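Colleague: Contents of model_27.cif (mmCIF, C-alpha atoms and all ligand atoms) are below:
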```
data_final
loop_
_atom_site.label_atom_id
_atom_site.label_comp_id
_atom_site.auth_asym_id
_atom_site.auth_seq_id
_atom_site.Cartn_x
_atom_site.Cartn_y
_atom_site.Cartn_z
CA MET S 238 198.91 -46.43 52.11
CA ALA S 239 197.08 -47.77 55.15
CA GLY S 240 194.71 -45.30 56.73
CA GLU S 241 195.10 -42.72 53.99
CA ALA S 242 192.59 -41.95 51.29
CA ALA S 243 193.80 -42.99 47.86
CA PRO S 244 194.98 -39.94 45.91
CA ARG S 245 192.60 -38.74 43.24
CA PRO S 246 193.22 -39.96 39.70
CA MET S 247 195.16 -37.48 37.58
CA ILE S 248 196.06 -37.07 33.93
CA PHE S 249 199.62 -35.89 33.27
CA ALA S 250 200.19 -34.58 29.75
CA ALA S 251 203.01 -33.02 27.75
CA ASP S 252 203.85 -31.96 24.17
CA LEU S 253 205.74 -35.21 23.82
CA LEU S 254 205.64 -38.48 25.72
CA LEU S 255 208.35 -41.10 25.32
CA PRO S 256 207.13 -44.37 26.83
CA VAL S 257 210.47 -46.04 25.82
CA SER S 258 208.74 -49.41 25.43
CA SER S 259 206.58 -48.07 22.57
CA PRO S 260 206.81 -45.23 19.99
CA PRO S 261 206.75 -41.54 20.97
CA ILE S 262 203.35 -39.88 21.36
CA ARG S 263 202.85 -36.21 20.38
CA ASP S 264 200.52 -34.47 22.85
CA GLY S 265 200.67 -37.58 24.95
CA ALA S 266 199.15 -38.29 28.34
CA LEU S 267 199.16 -40.73 31.22
CA LEU S 268 196.19 -41.53 33.39
CA VAL S 269 197.46 -42.22 36.90
CA GLU S 270 195.34 -44.02 39.46
CA ASP S 271 196.48 -45.30 42.86
CA GLY S 272 200.08 -44.52 41.99
CA HIS S 273 199.98 -46.63 38.84
CA ILE S 274 199.68 -45.86 35.15
CA SER S 275 196.32 -47.06 33.92
CA THR S 276 196.33 -45.60 30.40
CA VAL S 277 198.98 -44.24 28.01
CA GLY S 278 197.78 -42.41 24.89
CA SER S 279 197.09 -39.08 23.25
CA LEU S 280 195.76 -36.36 25.51
CA ASN S 281 192.57 -36.12 23.47
CA GLU S 282 191.87 -39.79 23.81
CA VAL S 283 192.73 -40.07 27.50
CA ARG S 284 190.75 -36.92 28.36
CA ASN S 285 187.69 -37.97 26.33
CA ASP S 286 187.60 -41.31 28.06
CA ASN S 287 188.03 -39.72 31.50
CA PRO S 288 186.26 -36.34 31.34
CA GLU S 289 185.96 -36.02 35.12
CA VAL S 290 189.69 -36.38 35.81
CA GLU S 291 191.88 -33.33 36.41
CA VAL S 292 194.59 -32.73 33.79
CA ARG S 293 198.04 -31.37 34.52
CA ARG S 294 199.58 -30.32 31.23
CA PHE S 295 203.26 -29.52 30.85
CA SER S 296 203.47 -27.18 27.85
CA GLY S 297 206.81 -27.21 26.07
CA TYR S 298 207.93 -30.30 27.96
CA THR S 299 208.44 -34.02 27.44
CA ILE S 300 207.48 -36.84 29.82
CA ILE S 301 209.82 -39.83 29.98
CA PRO S 302 210.26 -42.70 32.46
CA GLY S 303 212.40 -41.84 35.49
CA ALA S 304 216.03 -42.92 35.57
CA VAL S 305 216.86 -46.28 37.16
CA ASN S 306 220.27 -46.18 38.82
CA THR S 307 221.56 -49.76 39.09
CA HIS S 308 224.67 -49.07 41.17
CA ALA S 309 225.24 -46.13 43.50
CA HIS S 310 226.63 -45.31 46.91
CA LEU S 311 224.69 -42.58 48.70
CA GLY S 312 227.13 -42.42 51.59
CA PHE S 313 229.84 -40.17 50.16
CA ARG S 314 229.98 -36.43 49.72
CA ARG S 315 231.15 -34.04 47.08
CA GLY S 316 234.34 -32.07 47.38
CA ASP S 317 236.79 -34.26 49.27
CA ALA S 318 237.06 -37.46 47.26
CA PRO S 319 240.25 -39.49 47.52
CA ARG S 320 242.56 -38.85 44.58
CA GLY S 321 241.76 -40.84 41.43
CA GLY S 322 244.05 -42.38 38.83
CA SER S 323 244.86 -45.53 40.81
CA PHE S 324 242.21 -47.80 42.28
CA LEU S 325 244.58 -49.11 44.96
CA ARG S 326 245.61 -45.66 46.17
CA TRP S 327 241.98 -44.52 46.10
CA ILE S 328 240.60 -47.44 48.12
CA ARG S 329 243.50 -47.24 50.61
CA GLU S 330 242.62 -43.65 51.34
CA LEU S 331 238.91 -44.50 51.46
CA VAL S 332 239.49 -47.25 54.02
CA GLN S 333 241.66 -44.97 56.16
CA ARG S 334 238.96 -42.32 56.16
CA LEU S 335 236.03 -44.65 56.94
CA PRO S 336 235.99 -43.66 60.65
CA GLU S 337 235.51 -39.97 59.79
CA ARG S 338 232.48 -40.86 57.66
CA ASP S 339 230.31 -41.36 60.75
CA ALA S 340 230.35 -37.61 61.35
CA TRP S 341 228.81 -36.70 58.00
CA LEU S 342 227.17 -39.88 56.70
CA ALA S 343 223.58 -38.88 57.50
CA GLU S 344 223.90 -35.52 55.79
CA ALA S 345 225.83 -36.89 52.81
CA SER S 346 223.41 -39.72 52.15
CA ARG S 347 220.40 -37.40 52.36
CA SER S 348 221.97 -34.92 50.03
CA SER S 349 222.98 -37.68 47.57
CA ALA S 350 219.38 -38.92 47.47
CA ARG S 351 218.15 -35.35 46.93
CA GLU S 352 220.62 -34.84 44.08
CA ALA S 353 219.50 -38.08 42.41
CA ILE S 354 215.87 -36.95 42.62
CA GLU S 355 216.59 -33.51 41.16
CA CYS S 356 218.42 -35.21 38.29
CA GLY S 357 215.38 -37.31 37.39
CA THR S 358 215.97 -40.57 39.23
CA THR S 359 212.88 -42.45 40.37
CA PHE S 360 214.48 -45.79 41.31
CA ILE S 361 217.91 -46.01 42.93
CA THR S 362 220.07 -48.75 44.32
CA ASP S 363 222.43 -47.89 47.14
CA SER S 364 225.25 -50.12 48.30
CA SER S 365 226.44 -49.28 51.79
CA PRO S 366 228.20 -51.12 54.63
CA TYR S 367 225.52 -53.11 56.42
CA GLY S 368 222.93 -50.89 54.74
CA ASP S 369 223.91 -47.77 56.64
CA CYS S 370 222.32 -45.47 54.03
CA LEU S 371 218.87 -47.05 54.41
CA PRO S 372 217.43 -44.17 56.51
CA ALA S 373 218.27 -41.65 53.77
CA LEU S 374 216.71 -43.75 51.01
CA ALA S 375 213.66 -44.63 53.11
CA GLU S 376 212.79 -41.00 53.82
CA SER S 377 213.63 -39.67 50.35
CA GLY S 378 210.43 -40.59 48.50
CA LEU S 379 212.48 -42.60 45.98
CA ALA S 380 211.72 -46.20 45.19
CA GLY S 381 214.76 -48.41 45.44
CA ILE S 382 216.97 -51.06 46.91
CA VAL S 383 219.61 -50.81 49.59
CA PHE S 384 222.20 -53.52 49.08
CA ALA S 385 223.56 -54.11 52.56
CA GLU S 386 227.28 -54.80 52.08
CA PHE S 387 228.70 -57.74 53.91
CA PHE S 388 232.25 -57.68 55.34
CA PRO S 389 232.94 -60.90 57.27
CA PHE S 390 235.64 -59.49 59.57
CA ASP S 391 235.88 -60.52 63.22
CA PHE S 392 234.38 -63.99 62.84
CA ASP S 393 235.93 -67.43 63.21
CA THR S 394 233.76 -69.19 60.64
CA ALA S 395 231.82 -68.30 57.52
CA GLU S 396 228.66 -69.54 59.19
CA GLU S 397 229.05 -67.17 62.14
CA ALA S 398 229.79 -64.30 59.80
CA VAL S 399 226.79 -64.94 57.56
CA ASP S 400 224.45 -65.58 60.51
CA SER S 401 225.41 -62.29 62.03
CA TYR S 402 225.08 -60.48 58.70
CA GLU S 403 221.63 -61.94 58.11
CA GLU S 404 220.47 -60.87 61.54
CA THR S 405 221.24 -57.28 60.51
CA LEU S 406 219.69 -57.80 57.07
CA PHE S 407 216.40 -59.13 58.44
CA SER S 408 216.12 -56.38 61.04
CA LEU S 409 216.67 -53.73 58.35
CA ARG S 410 213.72 -55.18 56.47
CA GLU S 411 211.27 -54.38 59.24
CA GLY S 412 208.96 -51.41 58.76
CA LEU S 413 210.21 -50.36 55.34
CA PRO S 414 208.25 -48.02 53.08
CA PRO S 415 206.31 -50.07 50.49
CA ARG S 416 208.72 -49.45 47.62
CA VAL S 417 212.04 -49.71 49.46
CA ARG S 418 213.78 -53.06 49.74
CA VAL S 419 216.90 -54.31 51.44
CA GLU S 420 218.88 -56.93 49.58
CA VAL S 421 222.23 -58.70 49.85
CA SER S 422 225.64 -57.43 48.78
CA VAL S 423 228.80 -59.50 48.94
CA HIS S 424 231.12 -56.52 48.61
CA ALA S 425 233.97 -57.76 46.38
CA PRO S 426 236.32 -60.70 45.74
CA TYR S 427 239.13 -59.04 47.75
CA THR S 428 237.01 -58.21 50.82
CA VAL S 429 234.90 -61.33 51.29
CA ASP S 430 236.55 -64.74 51.50
CA PRO S 431 235.36 -67.56 49.21
CA GLU S 432 233.59 -69.56 51.90
CA SER S 433 231.65 -66.61 53.26
CA SER S 434 230.85 -65.49 49.70
CA ARG S 435 229.49 -68.90 48.80
CA LEU S 436 227.39 -69.23 51.92
CA ALA S 437 225.93 -65.71 51.75
CA ALA S 438 225.15 -66.17 48.04
CA THR S 439 223.60 -69.61 48.46
CA ARG S 440 221.31 -68.43 51.21
CA ALA S 441 220.38 -65.30 49.25
CA ARG S 442 219.46 -67.49 46.30
CA GLU S 443 217.34 -69.78 48.49
CA ARG S 444 215.38 -66.76 49.69
CA GLU S 445 215.18 -65.40 46.11
CA ASP S 446 216.91 -62.23 47.25
CA ARG S 447 218.84 -60.03 44.87
CA LEU S 448 222.61 -60.07 45.21
CA SER S 449 224.95 -57.25 44.25
CA ILE S 450 228.72 -57.58 43.95
CA HIS S 451 231.58 -55.41 42.74
CA LEU S 452 233.33 -57.50 40.13
CA SER S 453 236.36 -57.20 37.87
CA GLU S 454 236.51 -53.50 38.62
CA SER S 455 240.24 -52.77 38.72
CA PRO S 456 243.57 -54.07 37.42
CA GLU S 457 244.55 -54.67 41.06
CA GLU S 458 241.50 -56.92 41.61
CA VAL S 459 242.31 -58.95 38.50
CA GLN S 460 245.84 -59.41 39.80
CA PHE S 461 244.66 -60.28 43.30
CA VAL S 462 242.37 -63.05 42.08
CA LEU S 463 244.92 -64.32 39.56
CA ASP S 464 248.07 -64.46 41.70
CA GLY S 465 247.26 -63.03 45.14
CA THR S 466 249.28 -59.82 44.73
CA GLY S 467 248.68 -56.26 43.53
CA GLY S 468 248.13 -54.55 46.89
CA LEU S 469 244.48 -55.29 47.60
CA GLU S 470 245.46 -58.26 49.74
CA ASP S 471 246.26 -55.89 52.61
CA VAL S 472 243.91 -53.02 51.98
CA PHE S 473 241.96 -53.88 55.15
CA GLU S 474 245.07 -54.23 57.32
CA VAL S 475 243.80 -51.51 59.66
CA PHE S 476 240.99 -53.90 60.62
CA GLY S 477 243.51 -56.69 61.20
CA VAL S 478 242.40 -58.50 58.04
CA ARG S 479 244.64 -59.87 55.33
CA ALA S 480 243.06 -61.32 52.21
CA ASP S 481 245.03 -64.52 51.80
CA TRP S 482 242.60 -66.32 49.51
CA GLY S 483 243.65 -64.73 46.19
CA GLY S 484 245.94 -66.33 43.66
CA VAL S 485 243.49 -68.85 42.30
CA GLY S 486 244.82 -68.47 38.76
CA VAL S 487 241.58 -67.38 37.05
CA SER S 488 239.71 -64.18 36.18
CA PRO S 489 237.45 -62.53 38.78
CA VAL S 490 234.34 -63.54 36.79
CA ARG S 491 235.40 -67.18 36.67
CA TYR S 492 236.25 -67.05 40.35
CA ALA S 493 232.83 -65.53 41.14
CA GLU S 494 231.16 -68.36 39.27
CA SER S 495 233.22 -70.94 41.16
CA VAL S 496 231.97 -69.63 44.51
CA GLU S 497 228.38 -69.48 43.22
CA LEU S 498 228.08 -65.71 43.27
CA LEU S 499 226.60 -65.56 39.77
CA GLY S 500 223.02 -66.16 38.64
CA PRO S 501 219.89 -64.39 37.41
CA ASN S 502 219.43 -62.58 40.73
CA THR S 503 223.00 -61.24 40.68
CA ILE S 504 223.90 -57.72 39.62
CA THR S 505 227.63 -57.41 38.98
CA ALA S 506 228.93 -53.85 39.17
CA HIS S 507 231.69 -52.32 37.04
CA LEU S 508 233.22 -55.22 34.99
CA ALA S 509 235.71 -52.60 33.83
CA THR S 510 239.03 -54.41 33.74
CA GLY S 511 240.21 -57.63 32.18
CA ILE S 512 236.85 -58.90 30.89
CA LEU S 513 237.58 -61.58 28.31
CA GLU S 514 235.22 -63.21 25.84
CA GLU S 515 235.13 -66.20 28.16
CA ASP S 516 233.96 -64.00 31.04
CA ILE S 517 231.18 -62.57 28.89
CA LYS S 518 230.08 -66.12 28.12
CA ILE S 519 229.98 -66.97 31.82
CA LEU S 520 227.92 -63.87 32.62
CA ALA S 521 225.51 -64.70 29.78
CA ARG S 522 225.24 -68.38 30.69
CA THR S 523 224.55 -67.69 34.36
CA GLY S 524 222.02 -64.95 33.51
CA SER S 525 223.88 -62.40 35.63
CA ALA S 526 223.19 -58.69 35.07
CA ALA S 527 225.76 -55.92 34.69
CA ALA S 528 225.71 -52.44 36.24
CA GLN S 529 227.93 -50.08 34.28
CA CYS S 530 229.68 -47.07 35.83
CA PRO S 531 231.94 -45.68 33.08
CA ARG S 532 232.72 -42.34 34.75
CA SER S 533 233.83 -44.01 37.97
CA ASN S 534 235.92 -46.47 35.98
CA GLU S 535 237.64 -43.61 34.23
CA TYR S 536 238.30 -41.70 37.46
CA LEU S 537 239.83 -44.73 39.17
CA GLY S 538 242.01 -45.79 36.25
CA CYS S 539 239.96 -48.94 35.75
CA GLY S 540 239.68 -49.07 31.99
CA VAL S 541 236.67 -49.45 29.72
CA SER S 542 234.08 -52.20 30.08
CA PRO S 543 233.15 -54.13 26.90
CA MET S 544 229.56 -53.01 27.35
CA PRO S 545 228.41 -53.29 23.69
CA ARG S 546 229.70 -56.85 23.52
CA MET S 547 227.81 -57.77 26.68
CA MET S 548 224.63 -56.28 25.23
CA GLU S 549 225.15 -58.24 22.01
CA LYS S 550 225.40 -61.42 24.05
CA GLY S 551 222.06 -60.73 25.70
CA ILE S 552 223.38 -59.79 29.13
CA ARG S 553 221.02 -57.45 30.98
CA VAL S 554 222.93 -54.17 31.27
CA GLY S 555 221.96 -51.06 33.22
CA MET S 556 223.73 -47.81 34.10
CA GLY S 557 225.00 -46.82 37.54
CA THR S 558 226.65 -43.67 38.83
CA ASP S 559 228.63 -45.14 41.72
CA GLY S 560 229.09 -42.63 44.59
CA LEU S 561 230.42 -39.07 44.90
CA TRP S 562 233.90 -40.21 45.90
CA SER S 563 234.44 -41.67 42.43
CA THR S 564 232.10 -39.74 40.17
CA PRO S 565 231.22 -36.08 39.64
CA SER S 566 227.44 -36.46 40.07
CA LEU S 567 224.54 -38.76 40.79
CA ASN S 568 222.95 -37.74 37.49
CA LEU S 569 222.19 -41.07 35.80
CA PHE S 570 221.29 -39.35 32.52
CA GLU S 571 224.73 -37.69 32.53
CA GLU S 572 226.32 -41.08 33.18
CA THR S 573 224.35 -42.53 30.28
CA LEU S 574 225.27 -39.71 27.91
CA PHE S 575 228.92 -40.33 28.80
CA ALA S 576 228.47 -44.01 27.91
CA ALA S 577 226.63 -43.12 24.69
CA ARG S 578 229.55 -40.93 23.59
CA LEU S 579 232.12 -43.50 24.68
CA TYR S 580 230.52 -46.38 22.80
CA GLY S 581 228.64 -44.56 20.05
CA PHE S 582 225.12 -45.43 21.20
CA ASP S 583 222.26 -43.45 19.67
CA GLY S 584 219.81 -41.46 21.79
CA GLU S 585 217.15 -44.15 21.71
CA THR S 586 219.57 -46.77 23.06
CA GLY S 587 220.81 -44.29 25.67
CA LEU S 588 217.35 -43.44 26.94
CA LYS S 589 216.44 -47.11 27.14
CA LEU S 590 219.65 -47.93 29.04
CA ALA S 591 218.91 -45.19 31.58
CA THR S 592 215.39 -46.45 32.22
CA LEU S 593 213.94 -49.78 31.07
CA GLU S 594 217.24 -51.63 30.72
CA GLY S 595 218.20 -50.59 34.25
CA ALA S 596 214.90 -51.96 35.53
CA ARG S 597 215.51 -55.22 33.63
CA ALA S 598 219.01 -55.52 35.07
CA LEU S 599 217.53 -55.27 38.55
CA GLY S 600 214.59 -57.57 37.79
CA MET S 601 212.19 -54.65 38.37
CA GLU S 602 210.81 -54.31 34.84
CA GLU S 603 207.31 -55.39 35.86
CA GLU S 604 207.16 -52.40 38.20
CA THR S 605 209.04 -49.56 36.58
CA GLY S 606 211.36 -48.41 33.77
CA SER S 607 208.83 -47.50 31.06
CA LEU S 608 205.48 -45.79 30.69
CA GLU S 609 203.10 -48.72 30.39
CA ALA S 610 199.70 -49.48 31.87
CA GLY S 611 200.10 -51.50 35.06
CA LYS S 612 203.49 -50.11 36.09
CA TRP S 613 204.06 -47.54 38.82
CA ALA S 614 203.74 -43.96 37.62
CA ASP S 615 207.49 -43.25 37.83
CA PHE S 616 208.30 -40.49 35.38
CA VAL S 617 210.15 -37.24 34.87
CA VAL S 618 209.36 -34.04 33.03
CA ILE S 619 212.10 -32.70 30.77
CA GLU S 620 212.44 -29.07 29.69
CA ALA S 621 212.34 -29.63 25.96
CA ALA S 622 209.89 -30.81 23.34
CA PRO S 623 211.93 -31.69 20.25
CA GLU S 624 210.00 -31.79 17.01
CA GLY S 625 212.12 -34.12 14.86
CA GLU S 626 211.90 -37.80 14.03
CA SER S 627 214.31 -38.96 16.75
CA PRO S 628 213.79 -36.75 19.79
CA GLU S 629 215.58 -39.15 22.18
CA GLN S 630 219.09 -37.74 21.73
CA GLU S 631 218.05 -34.18 22.55
CA ILE S 632 215.99 -35.37 25.52
CA LEU S 633 218.93 -37.34 26.89
CA GLU S 634 221.21 -34.32 26.49
CA VAL S 635 218.78 -31.93 28.16
CA ALA S 636 218.17 -34.40 31.02
CA ALA S 637 221.93 -34.87 31.46
CA ASP S 638 222.41 -31.11 31.55
CA GLY S 639 220.06 -30.32 34.45
CA GLY S 640 216.84 -30.07 32.43
CA VAL S 641 214.68 -32.17 34.75
CA ALA S 642 211.73 -30.02 35.81
CA ALA S 643 209.81 -32.58 37.85
CA THR S 644 210.32 -36.07 39.24
CA VAL S 645 207.25 -38.18 39.99
CA VAL S 646 207.42 -41.46 41.91
CA GLY S 647 204.30 -43.60 42.13
CA GLY S 648 202.21 -40.66 40.91
CA GLU S 649 203.58 -38.30 43.60
CA PRO S 650 205.74 -35.36 42.53
CA ILE S 651 208.80 -35.49 44.84
CA TYR S 652 210.53 -32.70 42.94
CA ASP S 653 208.56 -30.10 41.04
CA ARG S 654 209.88 -26.87 39.67
CA ALA S 655 207.54 -27.11 36.69
CA ARG S 656 204.54 -26.21 38.81
CA ASP S 657 204.63 -22.50 37.90
CA ALA S 658 205.08 -23.30 34.25
CA SER S 659 202.19 -25.69 33.82
ZN ZN H 701 230.50 -49.37 43.82
#
```
Go ahead and express the file in the form of C-alpha cells.
Modeller:
Amino acid sequence: MAGEAAPRPMIFAADLLLPVSSPPIRDGALLVEDGHISTVGSLNEVRNDNPEVEVRRFSGYTIIPGAVNTHAHLGFRRGDAPRGGSFLRWIRELVQRLPERDAWLAEASRSSAREAIECGTTFITDSSPYGDCLPALAESGLAGIVFAEFFPFDFDTAEEAVDSYEETLFSLREGLPPRVRVEVSVHAPYTVDPESSRLAATRAREREDRLSIHLSESPEEVQFVLDGTGGLEDVFEVFGVRADWGGVGVSPVRYAESVELLGPNTITAHLATGILEEDIKILARTGSAAAQCPRSNEYLGCGVSPMPRMMEKGIRVGMGTDGLWSTPSLNLFEETLFAARLYGFDGETGLKLATLEGARALGMEEETGSLEAGKWADFVVIEAAPEGESPEQEILEVAADGGVAATVVGGEPIYDRARDAS
C-alpha cells in the first residue's frame, strides 16, 4: 500500500497443505511476499531455499485456499427472517420491511462480513441495493465484489434510469481498497424491465464489467416470465411499480438471453426452478456462470438446481450462501457440504467448488481460489490434519463445522485464533 513499508516475507506451514489446483503436500509450506504466494512446496524445501525468512508453523492443522462466496447479501441479520416455504410470501414481507432495514443495515452488514471471515471466507460477493453494503465490505479486510443492484423505479425512460444508476456506480468506485470492486447487478427479471435490463447489460459489457443477476430462482418467477402471473408482477406495488412486461412465453433463461443479460461476464444466481436442458445449453453457449445457493433455495421452496448437469456441460459453477434472511449462516463451507450431500459430490469436488471453482465463476481465478505461485496469499487454517489418502472430505466437514482457526487475506491474518497454538 502507498506510503507503507511492504510487510516482511513469511513462510506459513502446516502438517498438511491442500493447494486444490495440485496434489496435497504433507508438511507443506507457502512463502508469502508482498501479499502474494511466491512458492508452494514442502516446508523443508521452502525453508532451505529461504533460510532468513521467519516461519509460522501450524502444528496439527491444514492450510487450504480461502472460501470464495459467489453470491451473498451482507445486508440482512439473523433472527428475524421472513417466513420461508413460499418465495412470493417471503419477498412480499421482505419488500414491506425494507424501510426498517435502514435502522440496522450498518450493523448487520458488518456482522455478516465478520461471520464470513470467521467461517474461512477470503473473497466475498455482496449484492445490495445500489451497493449499500459497500462500507461494510470495504472495511472488513476481505477481498471481494459489491454488485450494486439496479432498480429502475421512478424514471420515464430506460436511458434515464441507467444513466442515474451508473452515476451511483461510478461514484462508488472512487477510493476503494485495492481488492474491493463494485460491479453491476440487474436485480431480477421481475424487478427490472426488459429495456432497462438490456441497456444496463450492454453498457456493462462495453466496459467489461461483471454483471450479476438473480435468475430462474422461484416457481413464481418462472410463471411471471412465462405468462405474466404468479404474484411477482405486483410485489413492488408499495413503490407504485407494477411489472407489466412478463408473459413472454419462454423460460427466464431464454428471456435473459433475449435481453442480452447473458455472457461470459455474467454470474447468474440460483437457477433453482424450471431449468430445462435447453436452458443449460443457453447458459453453456453464452459462457454464463452459475452461483449456487442450495440452502436458500430449500428455505424459500424454490426446488433443486440441476447443478451436476451444468457442471457436466462445462458451465462455470460456484457456491453462494445468499443472505441471512434466507439461509442459516454465511459459512460457505457449510453451504458446500450441504450441496455435496444433496448431489453426492466427493470431498475433493466439494473443496474445489468452495474455492477455485468459485473464483472461476467470478473470473477471479488468476488472483485467488487456489494456493499457487503468483496468486494472492488468500488461505485459511483448518483445525485438523487428516492422515488418509483423501483428506478433503474431513477438511470440508471440519471447516463447515466451525473449525476455521485463521483466515488470511493477501498474506494478512484478518482472523486468528490459532496464534496461541502455533
Ligand atoms: Zn440473492
Colleague: Could you check which of S:Ala610, S:Ala506, S:Leu469, S:Ala576 is closest to ligand ZN 701 (chain H), using only C-alpha atoms and all ligand atoms?
Modeller: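 Checking each of S:Ala610, S:Ala506, S:Leu469, S:Ala576 against ligand ZN 701 (chain H), counting only C-alpha atoms and all ligand atoms, the winner is S:Ala506.
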Colleague: If you count only C-alpha atoms, which residues fall within 10 Å of Thr405 (chain S), apart from same-chain ones fewer than 4 positions away, as JSON, numbers by chain?
Modeller: {"S": [367, 368, 385, 387, 399, 400, 401, 409, 410]}
Colleague: Which residues form the shell of 8 Å around ligand ZN 701 (chain H) when you count all atoms listed in the file, given as a list of chain:residue names?
Modeller: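 Listing the residues within 8 Å of ligand ZN 701 (chain H) gives S:His308, S:Ala309, S:His310, S:Ser364, S:His451, S:Ala506, S:His507, S:Asp559, S:Gly560.
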Colleague: Give as a list in words each residue that has an atom at most 6 Å from (220.4, -46.7, 51.2) in the file, counting all atoms listed in the file.
Modeller: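 Result, sorted by chain then residue number: Asp363, Cys370, Leu371, Leu374 and Val383 of chain S.
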Colleague: Contacts of Ala437 (chain S) at 9 Å or less, counting all atoms listed in the file, minus same-chain residues fewer than 2 places along, as a PDB file with C-alpha atoms, keeping the file's coordinate frame?
Modeller:
```pdb
ATOM      1  CA  PHE S 387     228.700 -57.740  53.910  1.00  0.00           C
ATOM      2  CA  ALA S 395     231.820 -68.300  57.520  1.00  0.00           C
ATOM      3  CA  GLU S 396     228.660 -69.540  59.190  1.00  0.00           C
ATOM      4  CA  VAL S 399     226.790 -64.940  57.560  1.00  0.00           C
ATOM      5  CA  ASP S 400     224.450 -65.580  60.510  1.00  0.00           C
ATOM      6  CA  TYR S 402     225.080 -60.480  58.700  1.00  0.00           C
ATOM      7  CA  GLU S 403     221.630 -61.940  58.110  1.00  0.00           C
ATOM      8  CA  VAL S 421     222.230 -58.700  49.850  1.00  0.00           C
ATOM      9  CA  SER S 422     225.640 -57.430  48.780  1.00  0.00           C
ATOM     10  CA  VAL S 423     228.800 -59.500  48.940  1.00  0.00           C
ATOM     11  CA  GLU S 432     233.590 -69.560  51.900  1.00  0.00           C
ATOM     12  CA  SER S 433     231.650 -66.610  53.260  1.00  0.00           C
ATOM     13  CA  SER S 434     230.850 -65.490  49.700  1.00  0.00           C
ATOM     14  CA  ARG S 435     229.490 -68.900  48.800  1.00  0.00           C
ATOM     15  CA  THR S 439     223.600 -69.610  48.460  1.00  0.00           C
ATOM     16  CA  ARG S 440     221.310 -68.430  51.210  1.00  0.00           C
ATOM     17  CA  ALA S 441     220.380 -65.300  49.250  1.00  0.00           C
ATOM     18  CA  ARG S 442     219.460 -67.490  46.300  1.00  0.00           C
ATOM     19  CA  LEU S 498     228.080 -65.710  43.270  1.00  0.00           C
TER      20      LEU S 498
END
```
Colleague: Could you check which of S:Leu561, S:Thr466, S:Pro628, S:Glu420 is closest to Arg444 (chain S), using all atoms listed in the file?
Modeller: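 Counting all atoms listed in the file, the residue closest to Arg444 (chain S) is S:Glu420.
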